[in-house]
Structure formats: structure tokens, C-alpha cells
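K.L.:
So that we are looking at the same thing, I have put the structure below in C-alpha cells.
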Amino acid sequence: MDREKRNHLIRIAAAIAVVYGVILILEFTLRPTSILFTVLRKGAIYSLVAVSMNLLNGFTGLFSLGQAGFMLIGAYTYAILTMPVSVKQSERVYKYYECIVGFDTGSLIGLIAAGLMAAFFAFLIGLPVLRLKSDYLAIATLGFAEIVRAIFQWDVLGPLTNGANLLREYKDLTRIYLPFTDIPFPPTLFVFIVAGVCILLIVLLINSSYGRAFKAIRDDETAAEAMGINLFRHKELSFVISSFFAGISGALLAMFQYTVQAQQFKTMMTYEILLIVVIGGIGSISGSCIASFLYIALSEWWLRGLDMGEFLGIAAPDLFRSGFRRLVFSVIIMVIVLFFSKGLMGDKELSYEHLKQKLSSLRKKRRASA
Amino acid sequence: MFEIKGLSVNYGGIEAVRDISFSVEEGSIVTLIGANGAGKSTTLRTIAGLVKPRSGKITFMGEDITGKDPAFIVGKGITLVPEGRRIFPDLTVYENLRIGAYLRKDRIDDDIEWVFSLFPRLRERSWQYGGTLSGGEQQMLAVGRALMSRPKLMMMDEPSLGLAPLVVRDIFSIIRTIRDKGVTILLVEQNANMALQTADMAYVMETGSITLSGKGRDLIADDSVRKAYLGK
């Protein structure tokens, strides 16, 4: 048993090392504007936020729809903190307001602060909201995210948030460097490292005794309570941790986009993440990651031609017009939901054994049909 | 070791338990029998801290535990095997057992070993999900899970519900084994016959009050009990 477990861990570590090695090689061979980098970066960011949502929805059984709100808090915290003082005082960004933040921080501190700020708001909102159940919790968290979006665009907060205007020139992916040098850090690798470490922390949490308690609450609240698990405290813990990582992914998104504006963090964004979680499989970490890369690759890359007049070598400018991509995309999602009703992975994790099983069952099927 | 005085509980808008008093001796099996809706389950849930009482006092080992949190009460050594088993279906058998010891900080390997020796079936199925077990196995798991908190008093709510007669006999023999290991047992049952045969002391509940009490064997012989609960 122990040897099996060790082999399993070694295989996982090897797979992860290969992924990071490939990313590093790509960084030095592909042109930096390649679409592949966009997909990889955004996919990694969405993986993190999808896994954080899965922690809440899939492992603790709390149906929350506040993810975009916590990402917004994280993105703004990061942008405001890491924007150099000189930029803050010039009129390049804060055109209509005097910025009241008189200092700036490094990107690592900015990322952690982004998570902490989102976690702090989650703690406060969690106190009343987590006493609600199922749909009511979803409605309350959705409302919270909308309120956050409105407040961050509020005129009165302009000296802090720049009102409804863009924030930019903070430490985005082109402005990060290897520690103690001025050599630029490979940007895609940076996103992968941050997202990877965060996801690893979530996996460790899920496999700890806290994670077991979360799953027990998901399965049966009354029984969990009878075992001496404090329901409210554990729900709050899960909510705060999930929001912490949503905040960090918001900060990463801000780094990835070079500019950030409250307007973009709409409910639609939360639905996108929910869709990724559902497609990947509720309760599967690897499912969430696979689904988010697939989702981003489809929407940003593979289906692009459907909007541009030419797709898979077929030129049909009358049919493949702006908006056609969304239509095809919706059909694909419907097909996935119809044929994989528990998502791509169900509640299982991707593993060597899992792949082996899938392959042998495929082979059997082929033999049976032949 | 355990005493309830003048306990009244409102549940779901009605007075489910009215001014009941009883006590449990250490090392004994005590049963509460009665019809559906008599307030037996509510009594257990109140002791476990899942429901707050309106009035009355619950003392355990000389300490007042009235209205305390479930976590505190489990920590004191009282555990509940809930009605309908309520095991965690998407956790493995092993994980279910570990959840039972959630509040304990010490080593639990010996206790898991003990539970597996009581229920060899659970050892065979330790990596299976709880939801895939049969009804009888789930009841074993529920009992095993409760034992993992190292209780001094184990409360069981309808352990025979929905189980085949042979399985019920097994469960009751396990209950006696557990008692012999020094765990005091408070049992709620509709299967009055089995419960009375097993119990040292029995209380009969009717619409929220205790109407009769005595040794288990004596109540089996009691005419009114025979008519009302044993169908004889």
C-alpha cells in the first residue's frame, strides 16, 4: 500500500516537472505574443479560481456565486498596492482624483495582500450569509459580488479605486523580475508557479482532517454536527480560504491583462467559472484544471475562426460572422452536459490508474465491436 | 452517571418533550421505548446538543451540560448514533471512522483496530464508499463511527430501523458487547421486544412524558406494555 502510494506521488511529481519544463522551453522558443501563451496563462488563472470554487461548491457543499466579487477585490488590491508612487502621483492613471495611497509594494506582497483582502471581506460577509442554505446562499453571495462591483466604481472612493476608470502601469506580467536582479521573470512560468502553489495548498487542505470535515458537512450536516464538527466555523473557514485564493487569482488576472476595471467582473464571470467547475466535475481538482484549459482554449483560440470568416480551412464569411462562435460554443457545452452529466472527471482525480482503466475499457469496447 | 431533571423541549412548534426525568447508571443499557412521535428522538437530540431545551437540567458525570454545543458534549464523552444511520455516503468507510474521532488529538489506530475487530465486515470494505454498503453494514459503520470518539455514553436512535431480523439480532448482540467494554448505552427503540430483553432499565414514553419505568424484564411482563407495544 505504502509503496503504491509513493509511486503515485512520484508519478504526479514527474508529470508536474514535465509540465513546468515544457513551459520554460516554450518561453524561450515561441514568440512572446503567441496565442498559446494567452491560453496557458488565462487557463492557469481560471484553474486556480475554479479549484477555489470547487473547494466551496464541490467539497463543502456550499453553493456560492461570489467568486467574481472576490476576484475583483483581489485585482484592485494588487493593482493599487503595486502601482509605483510616481505613477500614482502623476495624472497618467488617477486623472480625476488625488490618489491617497502614498506607498507601493512588490508583486509578491501585492499577491498575498490581494488574497488577504478578499479573505477579510469573505470573513465579514460570511458571518451573516453562511447561516443561509443552498439557493439562498447563492443569491446572497451573487448580490454581494454585484454590490462590490458597484462600490468599487463609486465616485466617493475615487481617490482609492480611480472610480470607474482603468487602473494600469502596476506590476503586471511584463514588470516582474527574478529576485535581486533586473532580469525579467518568464511570465507564463510565473503564473504557473503561483497558481500551482495555490492549487497544491488547496489539495493539501482537502486531504487534511479539515478537508474530511468539509466533505462530511457536504454529505450530511446533521451527522457531521453530531460528530462534534462545528458547522458554522468550518463553513466560514472554507469560505474564507476559497475567497483568499479567488483574490489571488483576481490579482493574477490583473497582472495578465495589464489593465483592470471593475466593470469586467460581472456575474457572467462567475457563471463562466461555475461552468468550468461543472464541466470538469464537481469535486474533482484535476477536472477543474483540465476543464479550464479546454474552456479557455476553445473560447480564445480554437473557435476564433468562427467569428473571423474562416474555420478549419472553410471560408464562409456570411455564416462565420461575429457571434457565431458563441452559438457553436453553447452547443458544445450542451453536448458535454448531456453526455457527461457528472462532468469530464466526475468526482475522481486524474491519475495513471484512471487513464489505464479508461484505455483498457476503450480497447475492450473496440474488441467487442470488431 | 447521567441524569435528566424536568426536561422540556419544543420542537417544530410543539412541545415534544414535557417535564421528563430519568437517570442512567454507569455500565448499564437503558432504553426509551414508545410509539412514533412520543418524543424519544427529540430527547436524544437534546442530550446531544443538536436541539436546545426550553427548561430542565441535564447532568453528566456531575457536570451541567444543558444547552451546550454538540462539539462540547461529544468532547465530554457522549455520542449519538443518529436515526437512519446517516453515514457519509461519499467518504470511504475508513474516512467515516476518522471523522468519528474528529475532536480527538491523540492516536486513533488502536480504536480503528478495535472497531474492525468488532465489525470484520468494515475491515473488508474499508476503502469502499459508505454509500455502497448494505443497510446492516451502514448500521455497523454508524456504530463504529460513534465508538471512534471513545464515548462513555453512547446513545442510539432506532438502530434496528429497516433492518432484517437476523441483522437486528447481530446489532443487539454487538450492543451488549460494547456495554461489556464499559460503554454505557442509552437506546431508543420502536422494536420494544428486543430493546426490553436487552435493557437493564427501561422507560416508556407517551406523547412527551414518561409514563412507566422499571427493569427491562419486569416491563416485558407488564400487561399494559404487552398490550401497547408488544402486541400480545
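By order of appearance in the C-alpha cells: chains A, B, ..., then residues from 1 within every chain, and ligands from 1 in the order shown.
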Compile the contact shell of range 216-228 of chain B as a PyMOL selection string: residues with an atom at most 10 Å away, counting only C-alpha atoms, same-chain residues fewer than 5 positions apart removed.

P.N.:
chain B and resi 29-31+33-35+192-193+195-204

K.L.:
Can you pull out every residue within 12 Å of Ser86 in chain A, counting only C-alpha atoms, but drop anything in the same chain fewer than 2 positions away, and send it as a PyMOL selection string?

P.N.:
chain A and resi 82-84+88-94+99+101-104+169-170

K.L.:
Output N, CA and C atoms for every residue in the selection just made, as a CSV table (one decimal), in the first residue's frame.

P.N.:
chain,number,residue,atom,x,y,z
A,82,THR,N,0.7,47.8,-6.0
A,82,THR,CA,1.9,47.6,-6.7
A,82,THR,C,2.2,48.7,-7.7
A,83,MET,N,1.2,49.6,-7.8
A,83,MET,CA,1.5,50.7,-8.8
A,83,MET,C,2.5,51.7,-8.1
A,84,PRO,N,3.6,52.0,-8.9
A,84,PRO,CA,4.6,52.9,-8.3
A,84,PRO,C,4.1,54.2,-7.8
A,88,LYS,N,1.2,56.9,-9.3
A,88,LYS,CA,0.0,57.3,-8.6
A,88,LYS,C,-0.1,58.8,-8.5
A,89,GLN,N,1.1,59.5,-8.4
A,89,GLN,CA,1.1,61.0,-8.3
A,89,GLN,C,0.9,61.7,-9.6
A,90,SER,N,1.4,61.0,-10.7
A,90,SER,CA,1.2,61.6,-12.0
A,90,SER,C,-0.3,61.6,-12.4
A,91,GLU,N,-0.6,62.2,-13.5
A,91,GLU,CA,-2.0,62.2,-13.9
A,91,GLU,C,-2.3,61.1,-15.0
A,92,ARG,N,-1.3,60.2,-15.1
A,92,ARG,CA,-1.5,59.2,-16.2
A,92,ARG,C,-2.6,58.2,-15.8
A,93,VAL,N,-2.7,57.8,-14.5
A,93,VAL,CA,-3.8,56.9,-14.2
A,93,VAL,C,-4.9,57.6,-13.4
A,94,TYR,N,-4.5,58.2,-12.3
A,94,TYR,CA,-5.5,58.9,-11.5
A,94,TYR,C,-5.7,60.3,-12.1
A,99,CYS,N,-4.7,60.4,-5.7
A,99,CYS,CA,-4.6,59.1,-5.1
A,99,CYS,C,-4.1,59.2,-3.7
A,101,VAL,N,-3.1,56.7,-1.7
A,101,VAL,CA,-2.2,55.7,-1.3
A,101,VAL,C,-0.8,56.2,-1.6
A,102,GLY,N,0.0,56.4,-0.5
A,102,GLY,CA,1.3,57.1,-0.7
A,102,GLY,C,2.5,56.1,-0.7
A,103,PHE,N,2.2,54.8,-1.0
A,103,PHE,CA,3.4,53.9,-1.0
A,103,PHE,C,3.1,52.8,-2.1
A,104,ASP,N,4.1,52.0,-2.4
A,104,ASP,CA,3.9,50.9,-3.3
A,104,ASP,C,4.6,49.7,-2.7
A,169,GLU,N,-0.4,50.3,-15.4
A,169,GLU,CA,1.0,50.6,-15.0
A,169,GLU,C,1.4,50.1,-13.6
A,170,TYR,N,0.7,49.2,-13.1
A,170,TYR,CA,1.1,48.5,-11.9
A,170,TYR,C,2.0,47.4,-12.3

K.L.:
Report the residues of range 12-152 of chain B whose backbone DSSP state falls under helix (DSSP H, G or I), written as an NGL selection string.

P.N.:
:B and (40-48 or 70-76 or 93-100 or 109-118 or 120-124 or 130-132 or 135-147)

K.L.:
As a list in words, please: the residues near Glu83 in chain B (cut-off 10 Å, only C-alpha atoms, same-chain neighbours under 6 positions excluded).

P.N.:
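With the cut-off at 10 Å, the set is Ala223 of chain A; Ser41, Arg45, Gln139, Ala142, Met156, Asp157, Glu158, Pro159, Ser160, Leu161 and Val188 of chain B.
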
K.L.:
Store the residues of this selection in a file with N, CA and C atoms, as a CSV table (one decimal), in the first residue's frame.

P.N.:
chain,number,residue,atom,x,y,z
A,223,ALA,N,-25.4,14.8,10.7
A,223,ALA,CA,-24.5,13.8,11.2
A,223,ALA,C,-23.1,14.4,11.5
B,41,SER,N,-36.8,10.5,20.1
B,41,SER,CA,-35.7,11.1,19.3
B,41,SER,C,-35.3,12.5,19.8
B,45,ARG,N,-31.7,13.9,20.8
B,45,ARG,CA,-31.1,15.1,20.1
B,45,ARG,C,-30.8,16.2,21.0
B,139,GLN,N,-25.3,0.4,9.4
B,139,GLN,CA,-25.5,0.5,10.8
B,139,GLN,C,-24.3,0.2,11.6
B,142,ALA,N,-22.1,3.1,11.4
B,142,ALA,CA,-22.6,4.2,12.2
B,142,ALA,C,-22.2,4.0,13.7
B,156,MET,N,-28.2,5.6,21.0
B,156,MET,CA,-28.5,5.0,19.7
B,156,MET,C,-30.0,5.2,19.4
B,157,ASP,N,-30.2,5.8,18.2
B,157,ASP,CA,-31.6,6.2,17.9
B,157,ASP,C,-32.1,5.1,16.8
B,158,GLU,N,-33.0,4.3,17.2
B,158,GLU,CA,-33.6,3.3,16.4
B,158,GLU,C,-32.6,2.5,15.5
B,159,PRO,N,-31.6,1.8,16.2
B,159,PRO,CA,-30.6,1.1,15.4
B,159,PRO,C,-31.2,-0.1,14.6
B,160,SER,N,-32.4,-0.5,14.9
B,160,SER,CA,-32.9,-1.7,14.1
B,160,SER,C,-33.8,-1.3,13.0
B,161,LEU,N,-34.0,0.0,12.8
B,161,LEU,CA,-34.9,0.6,11.8
B,161,LEU,C,-34.5,0.1,10.4
B,188,VAL,N,-32.9,4.1,22.1
B,188,VAL,CA,-34.3,4.4,21.7
B,188,VAL,C,-34.8,3.4,20.7

K.L.:
When you get a sec, could you note down which chain A residues fall within 10 Å of chain B, using only C-alpha atoms, as a ChimeraX atom specification?

P.N.:
/A:209-210,212-213,215-231,347

K.L.:
So, with only C-alpha atoms as the atoms that count, which of A:Leu274, A:Leu167, A:Ala119, A:Ile147 lies closest to Ser238 in chain A?

P.N.:
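Result for the nearest residue to Ser238 in chain A: A:Ala119.
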
K.L.:
I need the strand (DSSP E) residues of range 247-355 of chain A per DSSP on the backbone, written as a list in words.

P.N.:
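Residues of range 247-355 of chain A classed as strand (DSSP E): Thr259, Val260, Glu310, Phe311, Ile314 and Ala315 of chain A.
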
K.L.:
Please save all heavy atoms of the selected residues as a tab-separated table (two decimals), in the first residue's frame.

P.N.:
chain	number	residue	atom	x	y	z
A	259	THR	N	-4.34	45.86	-17.57
A	259	THR	CA	-5.22	46.91	-17.05
A	259	THR	C	-6.34	46.21	-16.28
A	259	THR	O	-6.62	45.04	-16.53
A	259	THR	CB	-5.89	47.73	-18.17
A	259	THR	OG1	-6.73	46.85	-18.91
A	259	THR	CG2	-4.88	48.38	-19.07
A	260	VAL	N	-6.97	46.95	-15.38
A	260	VAL	CA	-8.08	46.34	-14.66
A	260	VAL	C	-9.16	47.39	-14.43
A	260	VAL	O	-8.89	48.57	-14.22
A	260	VAL	CB	-7.60	45.70	-13.34
A	260	VAL	CG1	-7.05	46.71	-12.38
A	260	VAL	CG2	-8.70	44.90	-12.70
A	310	GLU	N	-13.24	32.29	-41.37
A	310	GLU	CA	-12.63	31.05	-41.85
A	310	GLU	C	-12.39	30.11	-40.68
A	310	GLU	O	-11.77	30.47	-39.68
A	310	GLU	CB	-11.31	31.34	-42.57
A	310	GLU	CG	-10.85	30.15	-43.39
A	310	GLU	CD	-9.50	30.41	-44.08
A	310	GLU	OE1	-9.27	31.53	-44.52
A	310	GLU	OE2	-8.71	29.47	-44.13
A	311	PHE	N	-12.90	28.88	-40.79
A	311	PHE	CA	-12.76	27.91	-39.72
A	311	PHE	C	-12.40	26.57	-40.31
A	311	PHE	O	-13.08	26.09	-41.23
A	311	PHE	CB	-14.07	27.82	-38.93
A	311	PHE	CG	-13.98	26.91	-37.74
A	311	PHE	CD1	-13.15	27.20	-36.67
A	311	PHE	CD2	-14.73	25.74	-37.70
A	311	PHE	CE1	-13.07	26.36	-35.58
A	311	PHE	CE2	-14.66	24.90	-36.61
A	311	PHE	CZ	-13.83	25.21	-35.55
A	314	ILE	N	-12.39	26.22	-44.00
A	314	ILE	CA	-13.61	26.52	-44.73
A	314	ILE	C	-13.87	28.02	-44.62
A	314	ILE	O	-13.99	28.55	-43.51
A	314	ILE	CB	-14.82	25.77	-44.15
A	314	ILE	CG1	-14.51	24.27	-44.08
A	314	ILE	CG2	-16.07	26.04	-44.96
A	314	ILE	CD1	-15.45	23.52	-43.16
A	315	ALA	N	-13.92	28.69	-45.73
A	315	ALA	CA	-14.19	30.11	-45.71
A	315	ALA	C	-15.67	30.34	-45.99
A	315	ALA	O	-16.18	29.95	-47.04
A	315	ALA	CB	-13.34	30.83	-46.76

K.L.:
Do you know which residues are at most 12 Å from Ile14 in chain B counting only C-alpha atoms, after dropping those on the same chain fewer than 6 positions away, and could you put them as a list in words?

P.N.:
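My reading of the contact set: Ser8, Gly37, Ala38, Gly39, Thr42, Arg54, Thr207 and Gly208 of chain B.
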
K.L.:
Excluding range 244-248 of chain A and any residue of its chain fewer than 4 positions from it, enumerate the residues within 9 Å of it, using only C-alpha atoms, and give them as an mmCIF file with N, CA and C atoms, in the first residue's frame.

P.N.:
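What follows is the written file selection_18.cif:
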data_model
loop_
_atom_site.group_PDB
_atom_site.id
_atom_site.type_symbol
_atom_site.label_atom_id
_atom_site.label_comp_id
_atom_site.auth_asym_id
_atom_site.auth_seq_id
_atom_site.Cartn_x
_atom_site.Cartn_y
_atom_site.Cartn_z
ATOM 1 N N LEU A 48 -7.031 28.069 -11.106
ATOM 2 C CA LEU A 48 -6.959 28.405 -9.683
ATOM 3 C C LEU A 48 -8.320 28.827 -9.155
ATOM 4 N N VAL A 49 -8.992 29.725 -9.868
ATOM 5 C CA VAL A 49 -10.270 30.208 -9.342
ATOM 6 C C VAL A 49 -11.321 29.099 -9.398
ATOM 7 N N ALA A 50 -11.239 28.231 -10.421
ATOM 8 C CA ALA A 50 -12.200 27.124 -10.497
ATOM 9 C C ALA A 50 -11.964 26.145 -9.343
ATOM 10 N N VAL A 51 -10.697 25.876 -9.037
ATOM 11 C CA VAL A 51 -10.414 24.965 -7.922
ATOM 12 C C VAL A 51 -10.881 25.596 -6.599
ATOM 13 N N SER A 52 -10.692 26.906 -6.474
ATOM 14 C CA SER A 52 -11.141 27.561 -5.240
ATOM 15 C C SER A 52 -12.663 27.494 -5.120
ATOM 16 N N MET A 53 -13.351 27.597 -6.256
ATOM 17 C CA MET A 53 -14.809 27.480 -6.216
ATOM 18 C C MET A 53 -15.223 26.040 -5.917
ATOM 19 N N GLN A 67 -17.687 34.483 -6.581
ATOM 20 C CA GLN A 67 -16.279 34.409 -6.992
ATOM 21 C C GLN A 67 -15.792 35.680 -7.690
ATOM 22 N N ALA A 68 -16.583 36.220 -8.608
ATOM 23 C CA ALA A 68 -16.146 37.407 -9.351
ATOM 24 C C ALA A 68 -15.907 38.577 -8.402
ATOM 25 N N GLY A 69 -16.738 38.690 -7.377
ATOM 26 C CA GLY A 69 -16.572 39.778 -6.414
ATOM 27 C C GLY A 69 -15.244 39.681 -5.688
ATOM 28 N N PHE A 70 -14.869 38.477 -5.281
ATOM 29 C CA PHE A 70 -13.606 38.309 -4.560
ATOM 30 C C PHE A 70 -12.419 38.482 -5.499
ATOM 31 N N MET A 71 -12.601 38.082 -6.767
ATOM 32 C CA MET A 71 -11.535 38.319 -7.739
ATOM 33 C C MET A 71 -11.327 39.816 -7.939
ATOM 34 N N LEU A 72 -12.439 40.550 -7.992
ATOM 35 C CA LEU A 72 -12.347 41.995 -8.161
ATOM 36 C C LEU A 72 -11.572 42.620 -7.001
ATOM 37 N N ILE A 73 -11.925 42.223 -5.792
ATOM 38 C CA ILE A 73 -11.231 42.768 -4.618
ATOM 39 C C ILE A 73 -9.730 42.468 -4.720
ATOM 40 N N GLY A 74 -9.405 41.239 -5.114
ATOM 41 C CA GLY A 74 -8.000 40.862 -5.247
ATOM 42 C C GLY A 74 -7.296 41.667 -6.331
ATOM 43 N N ALA A 75 -7.955 41.811 -7.479
ATOM 44 C CA ALA A 75 -7.348 42.523 -8.605
ATOM 45 C C ALA A 75 -7.065 43.978 -8.230
ATOM 46 N N THR A 77 -6.842 45.305 -5.138
ATOM 47 C CA THR A 77 -5.844 45.392 -4.078
ATOM 48 C C THR A 77 -4.451 45.305 -4.675
ATOM 49 N N TYR A 78 -4.277 44.356 -5.578
ATOM 50 C CA TYR A 78 -2.964 44.170 -6.185
ATOM 51 C C TYR A 78 -2.558 45.397 -6.997
ATOM 52 N N LEU A 111 0.381 40.193 -4.169
ATOM 53 C CA LEU A 111 -0.432 38.985 -4.369
ATOM 54 C C LEU A 111 -1.005 38.487 -3.051
ATOM 55 N N ILE A 112 -0.141 38.432 -2.035
ATOM 56 C CA ILE A 112 -0.606 37.925 -0.737
ATOM 57 C C ILE A 112 -1.644 38.869 -0.144
ATOM 58 N N ALA A 113 -1.372 40.189 -0.279
ATOM 59 C CA ALA A 113 -2.339 41.164 0.237
ATOM 60 C C ALA A 113 -3.672 41.034 -0.490
ATOM 61 N N ALA A 114 -3.613 40.751 -1.800
ATOM 62 C CA ALA A 114 -4.850 40.578 -2.569
ATOM 63 C C ALA A 114 -5.677 39.429 -1.987
ATOM 64 N N GLY A 115 -4.995 38.323 -1.683
ATOM 65 C CA GLY A 115 -5.689 37.184 -1.086
ATOM 66 C C GLY A 115 -6.252 37.530 0.279
ATOM 67 N N LEU A 116 -5.427 38.203 1.089
ATOM 68 C CA LEU A 116 -5.860 38.525 2.455
ATOM 69 C C LEU A 116 -7.059 39.472 2.443
ATOM 70 N N MET A 117 -7.029 40.440 1.528
ATOM 71 C CA MET A 117 -8.143 41.399 1.478
ATOM 72 C C MET A 117 -9.434 40.673 1.094
ATOM 73 N N ALA A 118 -9.363 39.809 0.085
ATOM 74 C CA ALA A 118 -10.547 39.041 -0.317
ATOM 75 C C ALA A 118 -11.012 38.161 0.842
ATOM 76 N N ALA A 119 -10.049 37.555 1.559
ATOM 77 C CA ALA A 119 -10.401 36.685 2.680
ATOM 78 C C ALA A 119 -11.079 37.494 3.786
ATOM 79 N N PHE A 120 -10.588 38.721 4.016
ATOM 80 C CA PHE A 120 -11.168 39.568 5.057
ATOM 81 C C PHE A 120 -12.627 39.890 4.735
ATOM 82 N N ALA A 122 -14.530 38.173 2.837
ATOM 83 C CA ALA A 122 -15.282 36.913 2.923
ATOM 84 C C ALA A 122 -15.641 36.615 4.370
ATOM 85 N N VAL A 194 2.665 30.452 -9.368
ATOM 86 C CA VAL A 194 1.738 30.973 -8.347
ATOM 87 C C VAL A 194 0.474 30.107 -8.289
ATOM 88 N N ALA A 195 -0.123 29.859 -9.468
ATOM 89 C CA ALA A 195 -1.353 29.063 -9.484
ATOM 90 C C ALA A 195 -1.074 27.650 -8.968
ATOM 91 N N CYS A 198 -0.706 27.554 -5.172
ATOM 92 C CA CYS A 198 -2.020 27.747 -4.533
ATOM 93 C C CYS A 198 -2.867 26.478 -4.629
ATOM 94 N N ILE A 199 -2.885 25.864 -5.823
ATOM 95 C CA ILE A 199 -3.700 24.658 -6.001
ATOM 96 C C ILE A 199 -3.158 23.528 -5.119
ATOM 97 N N ILE A 202 -4.448 23.973 -1.712
ATOM 98 C CA ILE A 202 -5.856 23.565 -1.607
ATOM 99 C C ILE A 202 -5.958 22.039 -1.548
ATOM 100 N N PHE A 239 -15.068 29.053 3.312
ATOM 101 C CA PHE A 239 -15.454 30.250 2.563
ATOM 102 C C PHE A 239 -14.294 31.246 2.508
ATOM 103 N N VAL A 240 -13.653 31.471 3.651
ATOM 104 C CA VAL A 240 -12.549 32.429 3.722
ATOM 105 C C VAL A 240 -11.363 31.941 2.885
ATOM 106 N N LEU A 252 -3.776 37.803 -10.231
ATOM 107 C CA LEU A 252 -3.083 37.236 -11.397
ATOM 108 C C LEU A 252 -3.750 37.694 -12.696
ATOM 109 N N LEU A 253 -5.083 37.748 -12.665
ATOM 110 C CA LEU A 253 -5.811 38.189 -13.853
ATOM 111 C C LEU A 253 -5.442 39.639 -14.174
#

K.L.:
With a distance cut-off of 9 Å and only C-alpha atoms, select the neighbouring residues of Leu319 in chain A, excluding the residue or stretch itself and same-chain residues fewer than 5 positions from it, and output the selection as a PyMOL selection string.

P.N.:
chain A and resi 306-307+309+324

K.L.:
Would you list the contacts of range 161-165 of chain A as a list in words, taking every protein, DNA or RNA residue within 7 Å and counting only C-alpha atoms, but skipping same-chain residues closer than 2 positions in sequence?

P.N.:
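Residues meeting the cut-off are Tyr94, Tyr97, Phe152, Gln153, Trp154, Asp155, Leu157, Gly158, Pro159, Leu167, Gln261 and Ala262 of chain A.
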
K.L.:
Could you check the closest approach to Gly136 in chain B for each of B:Leu44, B:Met1, B:Ala164, B:Arg123 and tell me which residue wins, using only C-alpha atoms?

P.N.:
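Of B:Leu44, B:Met1, B:Ala164, B:Arg123, the one nearest Gly136 in chain B, counting only C-alpha atoms, is B:Ala164.
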
K.L.:
Counting only C-alpha atoms, which of B:Arg176, B:Gly135, B:Gln128, B:Val93 gets nearest to Phe116 in chain B?

P.N.:
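Counting only C-alpha atoms, the residue closest to Phe116 in chain B is B:Val93.
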
K.L.:
Would you mind reading off the distance between CA of Ser249 in chain A and CA of Leu173 in chain A, one decimal, in Å?

P.N.:
13.5 Å
